[in-house]
Amino acid sequence: MKSILMFLLIFQALALGSAQDKVTLTGSSTIAPMVSDFGKAFEANHPGIRIDVQSGGSGRGITDARQGLADLGMVSRSAKDDEKDLKFFTIALDGVCIILNKANKLESLSEQQVIDIYTGKITNWKEIGGKDAKITVVNKAEGRSTLELFTHHFKLKNSDIKASVVIGDNQQGIKTVAGNPNAIGYVSVGSAEYDSKHGVKIKLLPMKGVLASTENILNRTFPLSRPLNLVAKSEPEGVVKEFLQFVLSKDANAIIKDQFFVPLAK
Amino acid sequence: MNKKPQLQDRFLTLLVYGSVISVSWVLFLVLFDICVTGGGSLNLEFLFSEPTSAGRTGGIAPILMSTLFILLITMMVSLPLGLGSAILLSEFSSEEKLFGRLVRRSLDVLAGVPSICFGLFGNAFFCKRLGLGFSILSGGLTLACMVLPILIRSTEEGFRSVPKEYRLSAAALGLSRISTLWHLLLPAAIPGFLVGFVLGVGRALAETAALIFTSGYVDRFPRSLMDSGRALSIHIYDLSMNISGGDENAYRSAFVLVVLLLVINFSASWVSERWLKRKIVLS
């Protein structure tokens with residue numbers, strides 16, 4: 001009992017001493033791992049400053065930044081019309097591509113075919129030249145920015161989509177498609193490119209004849225791409241500003257590439 | 001004996017064995033998969049270094065530390081509360097009275113509430129209302145709320161399984177209720193308490209949904225209980241679901257989690273056995 005009390009006292013003392021400069025970021029689970037790494041690199045050069053990263057989705061990034069719960073929000077899409085009150089800083093680019101299982105013999109799909117598959121008008125691969133098998137449509141869960149990017153591009157409403165499987169994250173989508181020869185899904189190009197190069201059984205479909213690759217995202221020819229943003233309520237100051245400057249500088253490029261995103265700073 | 005019941009007997013035996021084998025087969029597969037994929041490449045450095053490159057490389061030292069602190073808070077809060085409530089329910093309220101029935105029913109409902117609801121509650125109450133923010137403390141308290149129903153119910157069962165004669169004999173010998181409780185009932189109820197503890201630890205260690213909103217995502221060494229700290233299960237989830245190329249370390253972390261769980265379970269039963277022996281010798 002005594003030792004527990006001692007322990008609590010020590011912790012309390014530590015807690016009182018920790019009221020220092022802290023930058024809090026919340027939002028997109030796509031961006032969170034990358035910003036965690038930015039945070040570590042930044043902390044190494046700025047002793048005494050802590051960068052706290054919490055995930056939870058782009059929607060939460062917007063809400064928390066607006067309410068001041070977070071210094072910066074992480075949002076993996078471009079600004080919507082009612083979000084013009086916030087300041088958006090694009091830190092990197094990401095692309096979304098359609099993926100099929102490697103065993104599928106189709107090499108490309110037209111935009112109309114993708115729309116028809118996702119709205120349930122085409123339900124069997126043989127209707128578009130594949131084998132006779134039912135299509136497993138993999139869709140993202142509501143609130144995911146990949147879903148928003150996908151539906152926005154194909155002018156679909158999520159309620160129109162007839163999904164067989166609903167998944168949360170990129171890796172889950174890749175695993176689902178890799179494990180089911182009749183599945184179709186959409187995920188981040190960076191993740192898909194890395195996994196397909198490392199032997200995961202998926203193939204990335206070109207969009208409008210443009211190959212799905214990080215290269216084509218950077219030269220902005222790939223149609224289905226999205227910016228990864230940090231958002232702030234007002235012009236950042238102090239430590240937050242310093243952190244933002246670091247993230248936007250080319251010192252951060254190595255970390256961005258590490259997460260299979262495409263850096264902008266040259 | 002005629003032939004028919006024999007056949008039926010054999011069929012039933014087969015059915016029982018079949019279900020036992022299929023259940024243990026699943027456990028074996030899970031453990032085998034985790035041990036081979038995760039345990040084979042595990043080294044000490046993984047346990048004692050910090051994660052780098054979003055967890056793809058490096059170790060899990062800060063995450064392990066946060067996990068243990070969260071667990072410590074959960075248990076420090078829930079064990080005394082759970083024990084107290086169980087004593088009240090089993091010893092000081094009758095099974096038929098409305099109060100006891102109401103409490104028991106609400107505990108059962110609470111035990112069935114999905115963990116994401118506890119997460120949202122913890123986020124709204126501990127993080128925002130009480131102003132604890134994303135912290136190990138919020139996470140531990142949220143988990144305590146989650147673990148309490150299981151702990152109370154199984155401890156109560158432990159107390160109820162003690163024969164009524166114990167209490168009567170103690171009363172006949174003129175022992176006070178407190179010393180009956182301390183010297184007689186508590187040691188005898190330890191097995192039930194232990195089951196609750198082990199289930200509680202298991203549920204707490206396995207939890208992701210309740211923790212992502214309360215103790216958070218920060219994978220640094222926590223400097224105080226008010227710091228956000230990532231739990232092992234969240235780390236595994238993040239590595240396998242959000243990070244390309246994180247599978248290898250996800251498996252290693254899962255292996256560490258399983259070993260941690262086994263170590264805690266075994267030491268809990270070892271401690272209770274020793275304690276039980278001493279108690280019986282003394283009284």
# chains A, B, ... in the order shown; residues from 1 in each chain; ligands from 1
>>> interface_residues(of="chain B", to="chain A", cutoff="10 Å", atoms="only C-alpha atoms", output="MDAnalysis selection string")
chainID B and resid 51:56 76 128 133:134 212:220 223:230 238:247
>>> residues_around(residues="Asn123 (chain B)", least_positions_apart="2", cutoff="9 Å", atoms="only C-alpha atoms", output="list in words")
Phe118, Gly119, Leu120, Phe121, Phe125, Phe126, Cys127, Lys128, Arg129, Gly133, Phe134, Ser138, Gly139, Thr142, Ala210, Phe213 and Thr214 of chain B
>>> write_last_selection(atoms="C-alpha atoms", output="CSV table (one decimal), in the first residue's frame")
chain,number,residue,atom,x,y,z
B,118,PHE,CA,-17.2,2.9,-23.1
B,119,GLY,CA,-14.7,4.7,-25.3
B,120,LEU,CA,-17.1,7.4,-26.2
B,121,PHE,CA,-18.3,7.7,-22.6
B,125,PHE,CA,-16.6,12.2,-19.3
B,126,PHE,CA,-13.0,11.7,-18.3
B,127,CYS,CA,-11.2,13.5,-21.1
B,128,LYS,CA,-13.6,16.4,-21.6
B,129,ARG,CA,-15.8,16.8,-18.6
B,133,GLY,CA,-7.6,15.0,-21.7
B,134,PHE,CA,-6.0,12.2,-23.7
B,138,SER,CA,-8.5,8.6,-18.7
B,139,GLY,CA,-7.7,5.3,-20.4
B,142,THR,CA,-12.4,4.0,-18.7
B,210,ALA,CA,-12.2,2.2,-25.7
B,213,PHE,CA,-10.5,7.8,-27.7
B,214,THR,CA,-9.2,8.0,-24.1
>>> atom_distance(atom1="CA of Lys22 (chain A)", atom2="CA of Asp71 (chain A)")
9.1 Å
>>> residues_around(residues="Ser58 (chain A)", least_positions_apart="5", cutoff="7 Å", atoms="only C-alpha atoms", output="ChimeraX atom specification")
/A:27-28,74-76,145
>>> write_last_selection(atoms="all heavy atoms", output="JSON list (two decimals), in the first residue's frame")
[["chain", "number", "residue", "atom", "x", "y", "z"],
["A", 27, "GLY", "N", -6.91, 13.90, -36.04],
["A", 27, "GLY", "CA", -7.57, 13.76, -37.33],
["A", 27, "GLY", "C", -7.26, 12.49, -38.07],
["A", 27, "GLY", "O", -7.12, 11.43, -37.47],
["A", 28, "SER", "N", -7.13, 12.62, -39.38],
["A", 28, "SER", "CA", -7.06, 11.50, -40.32],
["A", 28, "SER", "C", -6.09, 10.40, -39.91],
["A", 28, "SER", "O", -4.93, 10.65, -39.63],
["A", 28, "SER", "CB", -6.66, 12.05, -41.68],
["A", 28, "SER", "OG", -6.20, 11.00, -42.50],
["A", 74, "MET", "N", -5.65, 17.17, -38.86],
["A", 74, "MET", "CA", -5.11, 16.46, -40.01],
["A", 74, "MET", "C", -6.29, 16.05, -40.90],
["A", 74, "MET", "O", -7.20, 15.35, -40.44],
["A", 74, "MET", "CB", -4.35, 15.21, -39.56],
["A", 74, "MET", "CG", -3.20, 15.54, -38.62],
["A", 74, "MET", "SD", -2.38, 14.06, -38.02],
["A", 74, "MET", "CE", -3.49, 13.52, -36.74],
["A", 75, "VAL", "N", -6.28, 16.49, -42.15],
["A", 75, "VAL", "CA", -7.42, 16.26, -43.03],
["A", 75, "VAL", "C", -6.91, 15.74, -44.37],
["A", 75, "VAL", "O", -6.16, 16.41, -45.05],
["A", 75, "VAL", "CB", -8.20, 17.58, -43.26],
["A", 75, "VAL", "CG1", -9.39, 17.32, -44.17],
["A", 75, "VAL", "CG2", -8.65, 18.15, -41.93],
["A", 76, "SER", "N", -7.34, 14.52, -44.75],
["A", 76, "SER", "CA", -6.80, 13.94, -45.97],
["A", 76, "SER", "C", -7.72, 14.14, -47.16],
["A", 76, "SER", "O", -8.09, 13.20, -47.84],
["A", 76, "SER", "CB", -6.48, 12.46, -45.77],
["A", 76, "SER", "OG", -7.57, 11.81, -45.15],
["A", 145, "SER", "N", -11.84, 9.41, -45.58],
["A", 145, "SER", "CA", -11.63, 10.37, -46.65],
["A", 145, "SER", "C", -11.43, 9.67, -47.99],
["A", 145, "SER", "O", -11.73, 10.23, -49.03],
["A", 145, "SER", "CB", -10.46, 11.26, -46.32],
["A", 145, "SER", "OG", -9.34, 10.47, -46.06]]
>>> closest_residue(among="A:Lys134, A:Arg220, A:His152, A:Lys241", to="Ser164 (chain A)", atoms="only C-alpha atoms")
A:Lys134
>>> atom_distance(atom1="CA of Leu89 (chain B)", atom2="CA of Leu205 (chain B)")
27.1 Å
>>> closest_residue(among="B:Ile152, B:Ala61, B:Ile116, B:Leu44", to="His235 (chain B)", atoms="only C-alpha atoms")
B:Ala61
>>> atom_distance(atom1="CA of Ile21 (chain B)", atom2="CA of Gly39 (chain B)")
24.6 Å
>>> residues_around(residues="region 106-111 of chain B", least_positions_apart="3", cutoff="7 Å", atoms="only C-alpha atoms", output="PyMOL selection string")
chain B and resi 102-103+149-150
>>> residues_around(residues="Ala252 (chain A)", least_positions_apart="2", cutoff="12 Å", atoms="only C-alpha atoms", output="ChimeraX atom specification")
/A:34-35,37-42,91-92,243-250,254-259,261-266
